[in-house]
Number of protein chains: 2
Amino acid sequence: MSNTTAASTRTLFTLTWVPEFARGLVRDMRVRWALEEAGLDYQVKLVDFDEKQLAPYRSMQPFAQVPAYQDGALVLFESGAIVHHIAARTAALMPDDEAGRAMTLSWMFAALNSVEPAVMMLCDVDLFNASASWAEARRPALVQQVQTRLADLERALGQRDYLLDRFTAADILMASVLNNLRHTPLVAEYPSLHAYHQRCVKRPAALRALASQMALYEQPVTSE
Amino acid sequence: MSNTTAASTRTLFTLTWVPEFARGLVRDMRVRWALEEAGLDYQVKLVDFDEKQLAPYRSMQPFAQVPAYQDGALVLFESGAIVHHIAARTAALMPDDEAGRAMTLSWMFAALNSVEPAVMMLCDVDLFNASASWAEARRPALVQQVQTRLADLERALGQRDYLLDRFTAADILMASVLNNLRHTPLVAEYPSLHAYHQRCVKRPAALRALASQMALYEQPVTSE
């Protein structure tokens, strides 16, 4: 592991390198975006594919995934948990009234437990199994499941700009989940949802977060 | 919708009826279990398959799923969010130190975003597509993905009785996710994990929650 930015009390652990199809989609993006929205500095520590399988990293991240996160003495894993931890501590990402916080929390879990699973089932076919014998027969039902979720989501958004009546951490997670459909035309089939998605990912904080993730892959890979 | 228990400030919305394969697995179980552990009373309101698609219910639950939840004037949806909301307010389900709360939150998201998606991909084949042309060719890789998660989870548990050094809301979610594998011998392949799972689901609060869900299906279905 090696530091890549100046020392901060907040440390984000992510991968040194990922293949092209995953660039911009690595889940550290969600944490970077939350930190950028909150105006909080952080340092990045990198792990490679071998290191993340080993005990030191697994002691932070039991499933050998990225990201992991340290905030002073606190350790967190899972992008949803890290974003929630950040969001609960800044007005930039969550309303401070109880009803608004309950709704933000609900939409955060909805992004990761109702929308993302359907999206990832489709991605698993398209990105990892496109030429499998069963893929063509399997795919239509998975597309339909995604479409059901996207239609529900568009209906729920109504005329609002964001999931709540203001931008919250839930939009970070939902827009990041929708990013995984970039290899398909599915989001564009829902005009209001598409506009919502674009509204989220074009926020200055989102663009800075994306640039910081992409910058990693422009550096030569070195091991310590 | 109709009341089924005495008035409470807490209301859990769930389905009037589900087919046999889903009994005991409906996600209201997670909320019932959390409330039982916390010693909090609640009332149940029932919706049927048609009602949950309609605007009044969707105004609470945009994806027409169960459960939804009201706590006084607060509305929440998504079992993860509801359980977190309950857990954050009782010492029975979450440590009160910051490190313990961060770790509980991490494991809650891990249950729903790292373990459950793999489990549900397998369940989607076994429970809804078992006779599909592609099922036999698709299944082995899905079993392997589940096994990877279960092995990681067993390794992370180590010698502990629960995910943290005490029972928390994360155990409710993780054990409930593992319940979805009951049609397979997969959990039993990991002896310590299997013991963990049994330790969770045999807690008195879990048994009361299960009994209250199952009792629903013993009543004649009536519409209001």
# chains A, B, ... in the order shown; residues from 1 in each chain; ligands from 1
$ interface_residues --of "chain B" --to "chain A" --cutoff "7 Å" --atoms "only C-alpha atoms" --output "ChimeraX atom specification"
/B:62-63,74,76-78,80-81,99,102-103,105-106,109-110,112-113,117,134,137-138,152,156
$ select_by_dssp --residues "region 9-222 of chain B" --states "strand (DSSP E or B)" --output "PyMOL selection string"
chain B and resi 10-15+43-47+68-71+74-77
$ write_last_selection --atoms "N, CA and C atoms" --output "PDB file, in the first residue's frame"
ATOM      1  N   ARG B  10     -46.058   2.529  16.001  1.00  0.00           N
ATOM      2  CA  ARG B  10     -45.264   1.892  14.936  1.00  0.00           C
ATOM      3  C   ARG B  10     -46.150   0.977  14.093  1.00  0.00           C
ATOM      4  N   THR B  11     -46.096   1.160  12.796  1.00  0.00           N
ATOM      5  CA  THR B  11     -46.918   0.354  11.888  1.00  0.00           C
ATOM      6  C   THR B  11     -46.044  -0.289  10.830  1.00  0.00           C
ATOM      7  N   LEU B  12     -46.160  -1.586  10.712  1.00  0.00           N
ATOM      8  CA  LEU B  12     -45.428  -2.365   9.717  1.00  0.00           C
ATOM      9  C   LEU B  12     -46.409  -2.787   8.634  1.00  0.00           C
ATOM     10  N   PHE B  13     -46.066  -2.482   7.388  1.00  0.00           N
ATOM     11  CA  PHE B  13     -46.913  -2.870   6.257  1.00  0.00           C
ATOM     12  C   PHE B  13     -46.318  -4.104   5.595  1.00  0.00           C
ATOM     13  N   THR B  14     -47.152  -5.116   5.431  1.00  0.00           N
ATOM     14  CA  THR B  14     -46.671  -6.310   4.732  1.00  0.00           C
ATOM     15  C   THR B  14     -47.810  -6.960   3.957  1.00  0.00           C
ATOM     16  N   LEU B  15     -47.493  -8.079   3.298  1.00  0.00           N
ATOM     17  CA  LEU B  15     -48.444  -8.729   2.399  1.00  0.00           C
ATOM     18  C   LEU B  15     -49.423  -9.624   3.145  1.00  0.00           C
ATOM     19  N   GLN B  43     -48.023  -2.353  15.264  1.00  0.00           N
ATOM     20  CA  GLN B  43     -49.206  -2.907  14.621  1.00  0.00           C
ATOM     21  C   GLN B  43     -48.859  -3.267  13.182  1.00  0.00           C
ATOM     22  N   VAL B  44     -49.613  -4.177  12.638  1.00  0.00           N
ATOM     23  CA  VAL B  44     -49.387  -4.626  11.263  1.00  0.00           C
ATOM     24  C   VAL B  44     -50.548  -4.162  10.400  1.00  0.00           C
ATOM     25  N   LYS B  45     -50.232  -3.605   9.236  1.00  0.00           N
ATOM     26  CA  LYS B  45     -51.288  -3.347   8.238  1.00  0.00           C
ATOM     27  C   LYS B  45     -50.960  -4.158   7.008  1.00  0.00           C
ATOM     28  N   LEU B  46     -51.985  -4.767   6.460  1.00  0.00           N
ATOM     29  CA  LEU B  46     -51.791  -5.700   5.349  1.00  0.00           C
ATOM     30  C   LEU B  46     -52.182  -5.072   4.018  1.00  0.00           C
ATOM     31  N   VAL B  47     -51.389  -5.373   3.006  1.00  0.00           N
ATOM     32  CA  VAL B  47     -51.743  -4.983   1.632  1.00  0.00           C
ATOM     33  C   VAL B  47     -51.724  -6.257   0.790  1.00  0.00           C
ATOM     34  N   ALA B  68     -43.076  -1.691   4.300  1.00  0.00           N
ATOM     35  CA  ALA B  68     -42.948  -0.254   4.531  1.00  0.00           C
ATOM     36  C   ALA B  68     -43.229  -0.066   6.020  1.00  0.00           C
ATOM     37  N   TYR B  69     -42.954   1.125   6.530  1.00  0.00           N
ATOM     38  CA  TYR B  69     -42.980   1.292   7.991  1.00  0.00           C
ATOM     39  C   TYR B  69     -43.300   2.733   8.323  1.00  0.00           C
ATOM     40  N   GLN B  70     -44.120   2.908   9.331  1.00  0.00           N
ATOM     41  CA  GLN B  70     -44.365   4.251   9.860  1.00  0.00           C
ATOM     42  C   GLN B  70     -44.034   4.242  11.344  1.00  0.00           C
ATOM     43  N   ASP B  71     -43.336   5.287  11.776  1.00  0.00           N
ATOM     44  CA  ASP B  71     -43.029   5.460  13.193  1.00  0.00           C
ATOM     45  C   ASP B  71     -43.500   6.868  13.534  1.00  0.00           C
ATOM     46  N   LEU B  74     -43.049   9.587  10.873  1.00  0.00           N
ATOM     47  CA  LEU B  74     -41.964   9.189   9.960  1.00  0.00           C
ATOM     48  C   LEU B  74     -42.395   8.032   9.078  1.00  0.00           C
ATOM     49  N   VAL B  75     -41.971   8.081   7.818  1.00  0.00           N
ATOM     50  CA  VAL B  75     -42.212   6.981   6.885  1.00  0.00           C
ATOM     51  C   VAL B  75     -40.853   6.456   6.434  1.00  0.00           C
ATOM     52  N   LEU B  76     -40.691   5.135   6.456  1.00  0.00           N
ATOM     53  CA  LEU B  76     -39.479   4.532   5.908  1.00  0.00           C
ATOM     54  C   LEU B  76     -39.859   3.364   5.020  1.00  0.00           C
ATOM     55  N   PHE B  77     -38.998   3.059   4.049  1.00  0.00           N
ATOM     56  CA  PHE B  77     -39.138   1.826   3.279  1.00  0.00           C
ATOM     57  C   PHE B  77     -37.766   1.192   3.149  1.00  0.00           C
TER      58      PHE B  77
END
$ select_by_dssp --residues "region 15-213 of chain A" --states "helix (DSSP H, G or I)" --output "ChimeraX atom specification"
/A:20-22,28-38,51-53,55-58,79-87,98-128,135-157,169-179,187-189,191-201,204-213
$ residues_around --residues "Gln219 (chain A)" --least-positions-apart "4" --cutoff "10 Å" --atoms "only C-alpha atoms" --output "MDAnalysis selection string"
chainID A and resid 16:17 214:215
